[in-house]
Amino acid sequence: MKFKSIVKLGVVAFAATMVLAACGKTSDKTSRTDSLNWMSNTTLTTLDPSKAVDVTSDQVLYNAMRGLVTPDKGNKIDLAIAKNYKITNGGKTYTFTLRNTKWSNGKKVTAGDFEYGIKRSADPKTASQMAYYMANIMNYDKVKTGAMSADKLGVKAMGDNKLQITLTKPQADFLNVLALPVFYPQQKSFVEKYGTAYGTTSDKMVYDGPFAVTNWKGSNDAWTLSKNKDYYDNKNVKLKTINYTVIKDPQTALDEYQSGKLDQTLLAGKQQVNSYKNNKDFVNHKQFMVQYLSINQKKVPALKNRNLRKALSLAINREELTQNVLGDGSFAARGLVPDTLAYMNGKDFNDYATVKDATTGDMTKAKQLWAKGLKEIGKSSVSISIMNNNDQTSRAVTEFLQTELDKLPGLKVSAQILPNNVASGRSLKSDYELSVSGWDPSISDPISPLQTKVSTSPINTSKWGNSMYDMYIDRSNNEDANNKDKRFFDLVNAQRVILNDQGIIPLIQKAQPELMKTNIHGVKYLGNGPVWDFSHAYIK
């Protein structure tokens with residue numbers, strides 16, 4: 001779980017709906033051939049791989065750094081600095097052979113740099129918020145408490161070009177985890193030279209990726225990705241620069257795009273999307289963010305009744321929510337796991353794992369189950385509240401849900417609209433009845449969202465629990481960890497358990513609408529973390 005996941009866990013804010021965008025013509029091409037002007041809606045906070053926790057830092061580091069592997073679309077990974085690897089010892093030992101490549105200061109990237117970087121991230125003195133991804137590396141449990149030196153972590157350089165990582169047990173998603181910045185190499189002499197200032201500005205960092213970061217002073221809202229001549233695949237990097245500017249207001253960004261100052265811009269809200277959805281520059285991507293209603297059965301004992309939970313889900317018209325309330329390309333979620341995150345035999349995870357009655361609306365059936373559930377618990381009425389953020393779009397979503405659920409006879413629904421920090425804090429303390437919650441997986445594996453609903457998970461804020469669900473998750477992490485097919489269907493079965501029990505009420509999967517000049521090609525969009533990969537982008 002990343003910071004972006006933490007803040008979205010309890011209550012997730014949608015981007016606020018903006019004023020109606022101007023419908024003027026946009027230039028469909030950039031006149032430059034080797035440079036892009038890109039926007040970010042949030043600031044860059046750090047270039048230290050051990051400290052990166054937000055999407056923008058991930059995005060910049062991903063293009064300026066390379067680890068052993070790199071994420072691809074879906075749940076795939078590509079080799080990066082590792083040119084090959086072997087998995088031995090029953091899935092517990094990973095041995096990587098490295099490519100010959102250099103840092104941006106001309107020094108060779110070595111296995112020792114990986115050993116140092118990973119151990120620095122694991123060291124509690126570094127205070128990395130991402131180090132928990134090392135949980136299965138040998139001795140991490142003692143390293144994280146300070147009972148053992150980080151030098152004892154199960155990571156070892158075997159010469160300059162070979163790295164070995166030893167786990168305490170097999171971990172099926174370990175290669176996906178290795179794509180995170182917390183596992184990137186770091187040059188010890190460079191870290192020691194700058195100390196606490198390491199990674200706080202672009203010149204206090206050294207890079208081994210397609211680009212080097214320049215012109216970032218640590219607090220300015222602009223920076224440049226400049227082609228790194230020492231990158232191992234430099235010949236295939238076509239762009240010389242990507243010039244980033246932070247623009248937090250979508251209308252300002254749209255104005256910059258229309259004037260030709262930006263080659264890409266994010267759109268926000270129904271009005272902007274409706275104005276440009278037929279424009280040749282319009283692109284809409286599926287994000288990995290799934291939002292759902294979290295049901296706190298302890299706060300509302302009546303909702304321990306499965307028929308009442310099922311009725312709540314069936315009462316929600318998700319087409320109306322996505323098309324008319326949001327209108328930004330978001331679509332009905334098919335489960336806790338997002339579409340396009342994982343595949344098996346060419347089919348999406350949710351083609352196997354969705355449960356139609358738990359993810360679609362049917363008011364007639366909803367009223368039938370509601371009446372049945374009330375009879376089963378001996379009540380004629382129930383009162384519940386829905387907690388959500390206080391931004392404009394979140395308010396609209398809450399009002400819609402309130403209107404839909406109020407159609408169930410005997411149900412009284414109130415809204416708790418709170419500032420994000422207040423709502424998130426209450427959610428983490430399980431202080432809510434229903435909450436619009438969400439999860440943005442940091443790794444491209446179904447285990448990321450599914451693990452959050454294990455009965456013993458500290459981030460299972462609704463405290464929903466099911467022994468069959470726990471069994472499938474445990475099996476995927478242990479006895480089936482080395483069997484790709486069995487593990488996949490363990491996770492499929494786990495999602496089907498939570499949906500059949502209506503442990504959550506899936507609502508939407510977010511989309512990211514944007515405008516991008518039509519002569520820009522090869523920009524790989526990833527649904528989480530890095531978002532954009534420019535390593536093979538070009539202008540034609």
# chains A, B, ... in the order shown; residues from 1 in each chain; ligands from 1

call {"tool": "closest_atom_pairs", "arguments": {"of": "segment 237-325 of chain A", "to": "segment 502-522 of chain A", "cutoff": "9 Å", "atoms": "only C-alpha atoms", "output": "Markdown table"}}
result
| residue | atom | partner | partner_atom | distance |
| --- | --- | --- | --- | --- |
| A:Leu254 | CA | A:Leu515 | CA | 8.7 |
| A:Tyr257 | CA | A:Leu515 | CA | 8.2 |
| A:Leu262 | CA | A:Met516 | CA | 8.8 |
| A:Asp263 | CA | A:Lys517 | CA | 5.7 |
| A:Gln264 | CA | A:Met516 | CA | 4.3 |
| A:Thr265 | CA | A:Leu515 | CA | 5.4 |
| A:Leu266 | CA | A:Glu514 | CA | 4.3 |
| A:Leu267 | CA | A:Glu514 | CA | 5.1 |
| A:Ala268 | CA | A:Pro513 | CA | 7.4 |
| A:Val273 | CA | A:Pro513 | CA | 7.1 |
| A:Tyr276 | CA | A:Leu515 | CA | 8.2 |
| A:Lys277 | CA | A:Pro513 | CA | 8.7 |
| A:Asn279 | CA | A:Leu515 | CA | 8.4 |
| A:Lys280 | CA | A:Thr518 | CA | 7.3 |
| A:Asp281 | CA | A:Leu515 | CA | 5.0 |
| A:Phe282 | CA | A:Leu515 | CA | 4.6 |
| A:Val283 | CA | A:Glu514 | CA | 5.4 |
| A:Asn284 | CA | A:Pro513 | CA | 4.2 |
| A:His285 | CA | A:Gln512 | CA | 5.0 |
| A:Lys286 | CA | A:Ala511 | CA | 4.6 |
| A:Gln287 | CA | A:Ala511 | CA | 5.1 |
| A:Phe288 | CA | A:Gln509 | CA | 7.0 |
| A:Met289 | CA | A:Lys510 | CA | 5.5 |
| A:Val290 | CA | A:Gln509 | CA | 4.4 |
| A:Gln291 | CA | A:Ile508 | CA | 5.4 |
| A:Tyr292 | CA | A:Pro506 | CA | 4.2 |
| A:Leu293 | CA | A:Ile505 | CA | 4.9 |
| A:Ser294 | CA | A:Ile504 | CA | 5.4 |
| A:Ile295 | CA | A:Ile504 | CA | 6.2 |
| A:Arg306 | CA | A:Gln502 | CA | 7.0 |
| A:Asn307 | CA | A:Gln502 | CA | 8.9 |
| A:Arg309 | CA | A:Gln502 | CA | 6.1 |
| A:Lys310 | CA | A:Gln502 | CA | 6.0 |
| A:Leu312 | CA | A:Ile505 | CA | 7.9 |
| A:Ser313 | CA | A:Ile505 | CA | 5.6 |
| A:Ile316 | CA | A:Leu507 | CA | 8.4 |
| A:Arg318 | CA | A:Leu507 | CA | 6.7 |
| A:Leu321 | CA | A:Ile508 | CA | 8.5 |
| A:Thr322 | CA | A:Ile508 | CA | 7.3 |

call {"tool": "write_last_selection", "arguments": {"atoms": "N, CA, C and O atoms", "output": "short mmCIF file (atom, residue, chain, number, x, y, z; two decimals), in the first residue's frame"}}
result
data_model
loop_
_atom_site.label_atom_id
_atom_site.label_comp_id
_atom_site.auth_asym_id
_atom_site.auth_seq_id
_atom_site.Cartn_x
_atom_site.Cartn_y
_atom_site.Cartn_z
N LEU A 254 -6.05 23.57 -19.58
CA LEU A 254 -6.73 23.48 -20.87
C LEU A 254 -6.42 24.70 -21.73
O LEU A 254 -6.17 24.58 -22.94
N TYR A 257 -3.04 24.26 -23.15
CA TYR A 257 -3.06 23.27 -24.24
C TYR A 257 -3.60 23.89 -25.52
O TYR A 257 -3.03 23.72 -26.61
N LEU A 262 1.17 23.49 -24.12
CA LEU A 262 1.23 22.13 -23.62
C LEU A 262 0.90 21.16 -24.75
O LEU A 262 0.08 21.46 -25.62
N ASP A 263 1.53 19.99 -24.71
CA ASP A 263 1.24 18.95 -25.69
C ASP A 263 0.26 17.91 -25.15
O ASP A 263 -0.18 17.03 -25.87
N GLN A 264 -0.06 18.04 -23.88
CA GLN A 264 -0.97 17.11 -23.21
C GLN A 264 -1.57 17.82 -22.02
O GLN A 264 -0.94 18.67 -21.40
N THR A 265 -2.82 17.49 -21.71
CA THR A 265 -3.44 18.03 -20.49
C THR A 265 -4.48 17.06 -19.98
O THR A 265 -5.16 16.37 -20.77
N LEU A 266 -4.62 16.99 -18.68
CA LEU A 266 -5.66 16.18 -18.06
C LEU A 266 -6.97 16.95 -18.08
O LEU A 266 -6.98 18.16 -17.91
N LEU A 267 -8.06 16.24 -18.30
CA LEU A 267 -9.39 16.83 -18.22
C LEU A 267 -10.02 16.43 -16.90
O LEU A 267 -9.75 15.35 -16.37
N ALA A 268 -10.88 17.29 -16.39
CA ALA A 268 -11.52 17.02 -15.10
C ALA A 268 -13.00 17.34 -15.17
O ALA A 268 -13.39 18.43 -15.59
N VAL A 273 -15.07 16.92 -20.16
CA VAL A 273 -15.07 15.70 -20.96
C VAL A 273 -16.11 15.77 -22.07
O VAL A 273 -15.84 15.43 -23.23
N TYR A 276 -14.99 17.81 -25.06
CA TYR A 276 -13.86 17.36 -25.88
C TYR A 276 -13.87 15.88 -26.23
O TYR A 276 -12.96 15.40 -26.90
N LYS A 277 -14.90 15.14 -25.82
CA LYS A 277 -14.88 13.70 -26.04
C LYS A 277 -14.90 13.31 -27.51
O LYS A 277 -14.52 12.19 -27.87
N ASN A 279 -13.25 15.20 -29.79
CA ASN A 279 -12.05 15.82 -30.36
C ASN A 279 -11.03 14.74 -30.70
O ASN A 279 -10.88 13.76 -29.97
N LYS A 280 -10.31 14.91 -31.80
CA LYS A 280 -9.34 13.90 -32.22
C LYS A 280 -8.20 13.74 -31.22
O LYS A 280 -7.52 12.70 -31.21
N ASP A 281 -7.98 14.72 -30.37
CA ASP A 281 -6.92 14.65 -29.36
C ASP A 281 -7.34 13.91 -28.10
O ASP A 281 -6.51 13.62 -27.24
N PHE A 282 -8.64 13.60 -27.98
CA PHE A 282 -9.17 13.03 -26.73
C PHE A 282 -8.75 11.57 -26.56
O PHE A 282 -8.85 10.76 -27.47
N VAL A 283 -8.27 11.26 -25.35
CA VAL A 283 -7.90 9.90 -24.98
C VAL A 283 -8.45 9.66 -23.58
O VAL A 283 -8.37 10.53 -22.72
N ASN A 284 -9.00 8.48 -23.34
CA ASN A 284 -9.50 8.15 -22.00
C ASN A 284 -8.90 6.82 -21.56
O ASN A 284 -9.10 5.79 -22.22
N HIS A 285 -8.16 6.84 -20.48
CA HIS A 285 -7.47 5.66 -19.97
C HIS A 285 -8.20 5.09 -18.77
O HIS A 285 -8.78 5.82 -17.96
N LYS A 286 -8.12 3.77 -18.61
CA LYS A 286 -8.62 3.14 -17.40
C LYS A 286 -7.57 3.22 -16.31
O LYS A 286 -6.44 2.76 -16.50
N GLN A 287 -7.93 3.81 -15.19
CA GLN A 287 -7.05 3.79 -14.03
C GLN A 287 -7.28 2.50 -13.25
O GLN A 287 -8.22 1.75 -13.51
N PHE A 288 -6.43 2.26 -12.26
CA PHE A 288 -6.60 1.08 -11.41
C PHE A 288 -7.36 1.40 -10.12
O PHE A 288 -7.50 0.55 -9.27
N MET A 289 -7.82 2.64 -9.98
CA MET A 289 -8.57 3.03 -8.79
C MET A 289 -10.00 2.51 -8.84
O MET A 289 -10.75 2.84 -9.76
N VAL A 290 -10.36 1.67 -7.89
CA VAL A 290 -11.73 1.20 -7.73
C VAL A 290 -12.32 1.82 -6.48
O VAL A 290 -11.68 1.85 -5.43
N GLN A 291 -13.53 2.34 -6.59
CA GLN A 291 -14.24 2.89 -5.44
C GLN A 291 -15.45 2.02 -5.13
O GLN A 291 -16.10 1.49 -6.03
N TYR A 292 -15.71 1.91 -3.85
CA TYR A 292 -16.79 1.04 -3.40
C TYR A 292 -17.36 1.58 -2.09
O TYR A 292 -16.75 2.43 -1.43
N LEU A 293 -18.53 1.10 -1.73
CA LEU A 293 -19.10 1.40 -0.42
C LEU A 293 -18.58 0.37 0.57
O LEU A 293 -18.79 -0.85 0.39
N SER A 294 -17.89 0.85 1.57
CA SER A 294 -17.43 0.00 2.66
C SER A 294 -18.55 -0.08 3.69
O SER A 294 -19.12 0.95 4.09
N ILE A 295 -18.88 -1.29 4.13
CA ILE A 295 -20.03 -1.52 5.01
C ILE A 295 -19.52 -1.92 6.40
O ILE A 295 -18.94 -2.99 6.56
N ARG A 306 -27.31 -10.49 5.11
CA ARG A 306 -26.80 -10.50 3.74
C ARG A 306 -27.83 -9.98 2.75
O ARG A 306 -27.47 -9.26 1.80
N ASN A 307 -29.09 -10.27 2.94
CA ASN A 307 -30.11 -9.79 2.01
C ASN A 307 -30.20 -8.27 2.01
O ASN A 307 -30.42 -7.65 0.96
N ARG A 309 -27.69 -6.22 2.68
CA ARG A 309 -26.49 -5.73 1.98
C ARG A 309 -26.66 -5.87 0.47
O ARG A 309 -26.30 -4.97 -0.29
N LYS A 310 -27.20 -7.01 0.06
CA LYS A 310 -27.43 -7.23 -1.38
C LYS A 310 -28.43 -6.21 -1.93
O LYS A 310 -28.27 -5.71 -3.05
N LEU A 312 -28.94 -3.16 -0.88
CA LEU A 312 -28.29 -1.85 -1.02
C LEU A 312 -27.54 -1.77 -2.35
O LEU A 312 -27.59 -0.76 -3.06
N SER A 313 -26.83 -2.84 -2.69
CA SER A 313 -26.07 -2.85 -3.95
C SER A 313 -26.99 -2.81 -5.16
O SER A 313 -26.77 -2.04 -6.11
N ILE A 316 -28.56 0.56 -6.53
CA ILE A 316 -27.72 1.61 -7.12
C ILE A 316 -27.63 1.44 -8.63
O ILE A 316 -27.15 0.41 -9.12
N ARG A 318 -25.69 2.11 -11.45
CA ARG A 318 -24.31 2.53 -11.72
C ARG A 318 -24.15 3.22 -13.07
O ARG A 318 -23.26 4.06 -13.25
N LEU A 321 -24.94 6.72 -12.38
CA LEU A 321 -23.83 7.31 -11.63
C LEU A 321 -22.66 7.66 -12.53
O LEU A 321 -22.12 8.78 -12.48
N THR A 322 -22.27 6.73 -13.38
CA THR A 322 -21.08 6.96 -14.21
C THR A 322 -21.35 7.91 -15.37
O THR A 322 -20.51 8.75 -15.69
#

call {"tool": "closest_atom_pairs", "arguments": {"of": "segment 412-499 of chain A", "to": "segment 90-98 of chain A", "cutoff": "12 Å", "atoms": "only C-alpha atoms", "output": "CSV"}}
result
residue,atom,partner,partner_atom,distance
A:Asn477,CA,A:Gly91,CA,11.9
A:Asn478,CA,A:Gly91,CA,10.8
A:Glu479,CA,A:Gly90,CA,11.1
A:Asp480,CA,A:Gly91,CA,11.1
A:Ala481,CA,A:Gly91,CA,8.4
A:Asn482,CA,A:Gly91,CA,6.5
A:Asn483,CA,A:Gly91,CA,10.2
A:Lys484,CA,A:Gly91,CA,11.9

call {"tool": "write_last_selection", "arguments": {"atoms": "all heavy atoms", "output": "short mmCIF file (atom, residue, chain, number, x, y, z; two decimals), in the first residue's frame"}}
result
data_model
loop_
_atom_site.label_atom_id
_atom_site.label_comp_id
_atom_site.auth_asym_id
_atom_site.auth_seq_id
_atom_site.Cartn_x
_atom_site.Cartn_y
_atom_site.Cartn_z
N ASN A 477 -0.90 -17.08 -1.16
CA ASN A 477 0.38 -16.58 -0.65
C ASN A 477 1.33 -17.67 -0.20
O ASN A 477 2.52 -17.40 0.03
CB ASN A 477 0.13 -15.64 0.54
CG ASN A 477 -0.40 -14.29 0.12
OD1 ASN A 477 -0.13 -13.83 -0.98
ND2 ASN A 477 -1.18 -13.66 1.00
N ASN A 478 0.82 -18.89 -0.06
CA ASN A 478 1.65 -19.96 0.49
C ASN A 478 1.69 -21.19 -0.40
O ASN A 478 2.51 -21.27 -1.30
CB ASN A 478 1.18 -20.29 1.91
CG ASN A 478 1.47 -19.13 2.87
OD1 ASN A 478 2.62 -18.88 3.21
ND2 ASN A 478 0.43 -18.42 3.32
N GLU A 479 0.80 -22.14 -0.21
CA GLU A 479 0.94 -23.41 -0.92
C GLU A 479 0.84 -23.28 -2.43
O GLU A 479 1.44 -24.09 -3.15
CB GLU A 479 -0.08 -24.43 -0.41
CG GLU A 479 -1.53 -24.06 -0.65
CD GLU A 479 -2.49 -25.07 -0.01
OE1 GLU A 479 -2.84 -24.89 1.16
OE2 GLU A 479 -2.86 -26.03 -0.72
N ASP A 480 0.12 -22.27 -2.95
CA ASP A 480 0.00 -22.11 -4.40
C ASP A 480 0.87 -20.98 -4.94
O ASP A 480 0.73 -20.59 -6.11
CB ASP A 480 -1.46 -21.85 -4.79
CG ASP A 480 -2.35 -23.07 -4.57
OD1 ASP A 480 -1.80 -24.19 -4.47
OD2 ASP A 480 -3.58 -22.91 -4.49
N ALA A 481 1.75 -20.44 -4.12
CA ALA A 481 2.54 -19.28 -4.53
C ALA A 481 3.42 -19.56 -5.74
O ALA A 481 3.70 -18.65 -6.53
CB ALA A 481 3.40 -18.80 -3.36
N ASN A 482 3.82 -20.80 -5.92
CA ASN A 482 4.69 -21.14 -7.05
C ASN A 482 3.92 -21.73 -8.23
O ASN A 482 4.53 -22.13 -9.23
CB ASN A 482 5.76 -22.14 -6.62
CG ASN A 482 6.83 -21.49 -5.77
OD1 ASN A 482 7.13 -20.31 -5.94
ND2 ASN A 482 7.43 -22.26 -4.86
N ASN A 483 2.60 -21.77 -8.13
CA ASN A 483 1.78 -22.31 -9.22
C ASN A 483 0.93 -21.17 -9.76
O ASN A 483 -0.09 -20.80 -9.17
CB ASN A 483 0.91 -23.46 -8.71
CG ASN A 483 0.17 -24.17 -9.83
OD1 ASN A 483 -0.41 -23.54 -10.71
ND2 ASN A 483 0.20 -25.49 -9.79
N LYS A 484 1.34 -20.61 -10.88
CA LYS A 484 0.70 -19.42 -11.43
C LYS A 484 -0.79 -19.59 -11.64
O LYS A 484 -1.60 -18.72 -11.25
CB LYS A 484 1.38 -19.05 -12.76
CG LYS A 484 0.81 -17.81 -13.43
CD LYS A 484 1.54 -17.53 -14.74
CE LYS A 484 0.93 -16.34 -15.45
NZ LYS A 484 1.63 -16.08 -16.75
#

call {"tool": "closest_residue", "arguments": {"among": "A:Ile386, A:Ile118, A:Val109, A:Leu167", "to": "Ala135 of chain A", "atoms": "only C-alpha atoms"}}
result
A:Leu167

call {"tool": "residues_around", "arguments": {"residues": "segment 35-43 of chain A", "least_positions_apart": "4", "cutoff": "8 Å", "atoms": "only C-alpha atoms", "output": "VMD selection string"}}
result
chain A and resid 56 221 239 to 249 253 261 to 266

call {"tool": "residues_around", "arguments": {"residues": "Lys229 of chain A", "least_positions_apart": "6", "cutoff": "9 Å", "atoms": "only C-alpha atoms", "output": "list of chain:residue names"}}
result
A:Ser104, A:Pro210, A:Phe211, A:Lys235

call {"tool": "write_last_selection", "arguments": {"atoms": "N, CA and C atoms", "output": "JSON list (two decimals), in the first residue's frame"}}
result
[["chain", "number", "residue", "atom", "x", "y", "z"],
["A", 104, "SER", "N", 24.35, 8.36, -14.62],
["A", 104, "SER", "CA", 24.47, 9.60, -15.39],
["A", 104, "SER", "C", 25.77, 10.35, -15.10],
["A", 210, "PRO", "N", 16.23, 6.26, -18.58],
["A", 210, "PRO", "CA", 16.22, 6.88, -19.91],
["A", 210, "PRO", "C", 16.50, 8.38, -19.88],
["A", 211, "PHE", "N", 16.12, 9.03, -18.78],
["A", 211, "PHE", "CA", 16.26, 10.48, -18.67],
["A", 211, "PHE", "C", 16.91, 10.84, -17.33],
["A", 235, "LYS", "N", 19.94, 4.36, -27.42],
["A", 235, "LYS", "CA", 19.69, 4.47, -28.87],
["A", 235, "LYS", "C", 18.21, 4.43, -29.22]]

call {"tool": "select_by_dssp", "arguments": {"residues": "segment 209-374 of chain A", "states": "alpha helix (DSSP H)", "output": "number ranges by chain"}}
result
A: 250-258, 269-276, 306-314, 318-320, 349-353, 356-359, 363-374

call {"tool": "atom_distance", "arguments": {"atom1": "atom CA of Pro409 of chain A", "atom2": "atom CA of Ser462 of chain A"}}
result
25.0 Å

call {"tool": "closest_atom_pairs", "arguments": {"of": "segment 177-270 of chain A", "to": "segment 426-444 of chain A", "cutoff": "12 Å", "atoms": "only C-alpha atoms", "output": "Markdown table"}}
result
| residue | atom | partner | partner_atom | distance |
| --- | --- | --- | --- | --- |
| A:Val177 | CA | A:Ile443 | CA | 6.2 |
| A:Leu178 | CA | A:Ile443 | CA | 9.3 |
| A:Ala179 | CA | A:Ile443 | CA | 8.2 |
| A:Leu180 | CA | A:Ile443 | CA | 7.9 |
| A:Pro181 | CA | A:Ser442 | CA | 10.9 |
| A:Val182 | CA | A:Ser442 | CA | 11.8 |

call {"tool": "write_last_selection", "arguments": {"atoms": "C-alpha atoms", "output": "mmCIF file, in the first residue's frame"}}
result
data_model
loop_
_atom_site.group_PDB
_atom_site.id
_atom_site.type_symbol
_atom_site.label_atom_id
_atom_site.label_comp_id
_atom_site.auth_asym_id
_atom_site.auth_seq_id
_atom_site.Cartn_x
_atom_site.Cartn_y
_atom_site.Cartn_z
ATOM 1 C CA VAL A 177 7.151 -5.609 -6.305
ATOM 2 C CA LEU A 178 10.742 -5.199 -7.546
ATOM 3 C CA ALA A 179 9.527 -2.595 -10.053
ATOM 4 C CA LEU A 180 8.858 -0.134 -7.201
ATOM 5 C CA PRO A 181 11.360 2.708 -6.572
ATOM 6 C CA VAL A 182 12.130 1.399 -3.083
#

call {"tool": "closest_residue", "arguments": {"among": "A:Val337, A:Met130, A:Leu303, A:Ala494", "to": "Pro449 of chain A", "atoms": "only C-alpha atoms"}}
result
A:Val337

call {"tool": "closest_residue", "arguments": {"among": "A:Asp141, A:Asp160, A:Asp533, A:Asp28", "to": "Arg99 of chain A", "atoms": "only C-alpha atoms"}}
result
A:Asp160

call {"tool": "select_by_dssp", "arguments": {"residues": "segment 285-502 of chain A", "states": "strand (DSSP E or B)", "output": "MDAnalysis selection string"}}
result
chainID A and resid 285:295 331:332 343:344 347:348 382:389 411:418 434:439

call {"tool": "write_last_selection", "arguments": {"atoms": "N, CA and C atoms", "output": "short mmCIF file (atom, residue, chain, number, x, y, z; two decimals), in the first residue's frame"}}
result
data_model
loop_
_atom_site.label_atom_id
_atom_site.label_comp_id
_atom_site.auth_asym_id
_atom_site.auth_seq_id
_atom_site.Cartn_x
_atom_site.Cartn_y
_atom_site.Cartn_z
N HIS A 285 -8.16 6.84 -20.48
CA HIS A 285 -7.47 5.66 -19.97
C HIS A 285 -8.20 5.09 -18.77
N LYS A 286 -8.12 3.77 -18.61
CA LYS A 286 -8.62 3.14 -17.40
C LYS A 286 -7.57 3.22 -16.31
N GLN A 287 -7.93 3.81 -15.19
CA GLN A 287 -7.05 3.79 -14.03
C GLN A 287 -7.28 2.50 -13.25
N PHE A 288 -6.43 2.26 -12.26
CA PHE A 288 -6.60 1.08 -11.41
C PHE A 288 -7.36 1.40 -10.12
N MET A 289 -7.82 2.64 -9.98
CA MET A 289 -8.57 3.03 -8.79
C MET A 289 -10.00 2.51 -8.84
N VAL A 290 -10.36 1.67 -7.89
CA VAL A 290 -11.73 1.20 -7.73
C VAL A 290 -12.32 1.82 -6.48
N GLN A 291 -13.53 2.34 -6.59
CA GLN A 291 -14.24 2.89 -5.44
C GLN A 291 -15.45 2.02 -5.13
N TYR A 292 -15.71 1.91 -3.85
CA TYR A 292 -16.79 1.04 -3.40
C TYR A 292 -17.36 1.58 -2.09
N LEU A 293 -18.53 1.10 -1.73
CA LEU A 293 -19.10 1.40 -0.42
C LEU A 293 -18.58 0.37 0.57
N SER A 294 -17.89 0.85 1.57
CA SER A 294 -17.43 0.00 2.66
C SER A 294 -18.55 -0.08 3.69
N ILE A 295 -18.88 -1.29 4.13
CA ILE A 295 -20.03 -1.52 5.01
C ILE A 295 -19.52 -1.92 6.40
N PHE A 331 -16.40 4.08 -15.09
CA PHE A 331 -17.38 3.05 -15.46
C PHE A 331 -17.62 2.14 -14.26
N ALA A 332 -18.66 1.35 -14.34
CA ALA A 332 -19.05 0.50 -13.22
C ALA A 332 -17.95 -0.51 -12.91
N TYR A 343 -4.53 -10.61 -16.18
CA TYR A 343 -5.13 -11.44 -17.22
C TYR A 343 -4.71 -12.90 -17.06
N MET A 344 -5.52 -13.78 -17.59
CA MET A 344 -5.18 -15.20 -17.69
C MET A 344 -5.76 -15.71 -19.00
N LYS A 347 -7.94 -13.36 -21.01
CA LYS A 347 -9.17 -12.85 -20.40
C LYS A 347 -8.84 -12.03 -19.15
N ASP A 348 -9.58 -10.95 -18.98
CA ASP A 348 -9.40 -10.11 -17.81
C ASP A 348 -9.77 -10.86 -16.54
N VAL A 382 -34.66 0.94 8.96
CA VAL A 382 -33.23 1.00 9.27
C VAL A 382 -32.73 2.39 8.90
N SER A 383 -31.83 2.93 9.72
CA SER A 383 -31.20 4.22 9.41
C SER A 383 -29.69 4.01 9.25
N ILE A 384 -29.13 4.61 8.20
CA ILE A 384 -27.69 4.52 7.97
C ILE A 384 -27.18 5.87 7.46
N SER A 385 -25.89 6.10 7.63
CA SER A 385 -25.26 7.30 7.11
C SER A 385 -24.15 6.91 6.14
N ILE A 386 -23.92 7.78 5.15
CA ILE A 386 -22.84 7.58 4.17
C ILE A 386 -21.81 8.68 4.37
N MET A 387 -20.56 8.28 4.61
CA MET A 387 -19.48 9.25 4.80
C MET A 387 -18.70 9.42 3.50
N ASN A 388 -18.39 10.68 3.18
CA ASN A 388 -17.61 10.96 1.98
C ASN A 388 -16.94 12.32 2.15
N ASN A 389 -16.07 12.65 1.21
CA ASN A 389 -15.35 13.92 1.22
C ASN A 389 -16.27 15.09 0.91
N LEU A 411 -35.99 2.60 4.71
CA LEU A 411 -34.58 2.96 4.87
C LEU A 411 -34.43 4.48 4.89
N LYS A 412 -33.78 4.99 5.92
CA LYS A 412 -33.50 6.41 6.02
C LYS A 412 -31.99 6.60 5.91
N VAL A 413 -31.58 7.40 4.93
CA VAL A 413 -30.15 7.59 4.65
C VAL A 413 -29.76 9.04 4.91
N SER A 414 -28.74 9.24 5.67
CA SER A 414 -28.19 10.58 5.90
C SER A 414 -26.77 10.63 5.35
N ALA A 415 -26.27 11.83 5.14
CA ALA A 415 -24.93 12.01 4.58
C ALA A 415 -24.02 12.68 5.61
N GLN A 416 -22.78 12.20 5.69
CA GLN A 416 -21.74 12.83 6.49
C GLN A 416 -20.67 13.33 5.53
N ILE A 417 -20.73 14.60 5.22
CA ILE A 417 -19.78 15.21 4.28
C ILE A 417 -18.69 15.90 5.11
N LEU A 418 -17.47 15.39 4.98
CA LEU A 418 -16.39 15.84 5.86
C LEU A 418 -15.15 16.19 5.05
N LEU A 434 -21.50 3.61 6.51
CA LEU A 434 -21.10 3.35 5.12
C LEU A 434 -20.09 4.42 4.73
N SER A 435 -19.09 4.05 3.95
CA SER A 435 -18.08 5.01 3.53
C SER A 435 -17.73 4.78 2.07
N VAL A 436 -17.66 5.86 1.30
CA VAL A 436 -17.17 5.76 -0.08
C VAL A 436 -15.65 5.63 0.02
N SER A 437 -15.18 4.43 -0.24
CA SER A 437 -13.77 4.10 -0.05
C SER A 437 -13.16 3.65 -1.36
N GLY A 438 -11.85 3.43 -1.35
CA GLY A 438 -11.21 2.99 -2.57
C GLY A 438 -9.81 2.50 -2.34
N TRP A 439 -9.27 1.86 -3.38
CA TRP A 439 -7.91 1.35 -3.32
C TRP A 439 -7.25 1.54 -4.68
#

call {"tool": "residues_around", "arguments": {"residues": "Ala157 of chain A", "least_positions_apart": "6", "cutoff": "9 Å", "atoms": "only C-alpha atoms", "output": "ChimeraX atom specification"}}
result
/A:110-115,163-165

call {"tool": "residues_around", "arguments": {"residues": "Gly335 of chain A", "least_positions_apart": "6", "cutoff": "8 Å", "atoms": "only C-alpha atoms", "output": "list in words"}}
result
Asn350, Ala353, Thr354, Val355, Thr359, Gln495, Leu499 and Pro506 of chain A

call {"tool": "closest_residue", "arguments": {"among": "A:Glu399, A:Gly154, A:Gly117, A:Ala212", "to": "Lys188 of chain A", "atoms": "only C-alpha atoms"}}
result
A:Gly117

call {"tool": "atom_distance", "arguments": {"atom1": "atom CA of Met138 of chain A", "atom2": "atom CA of Met158 of chain A"}}
result
16.8 Å
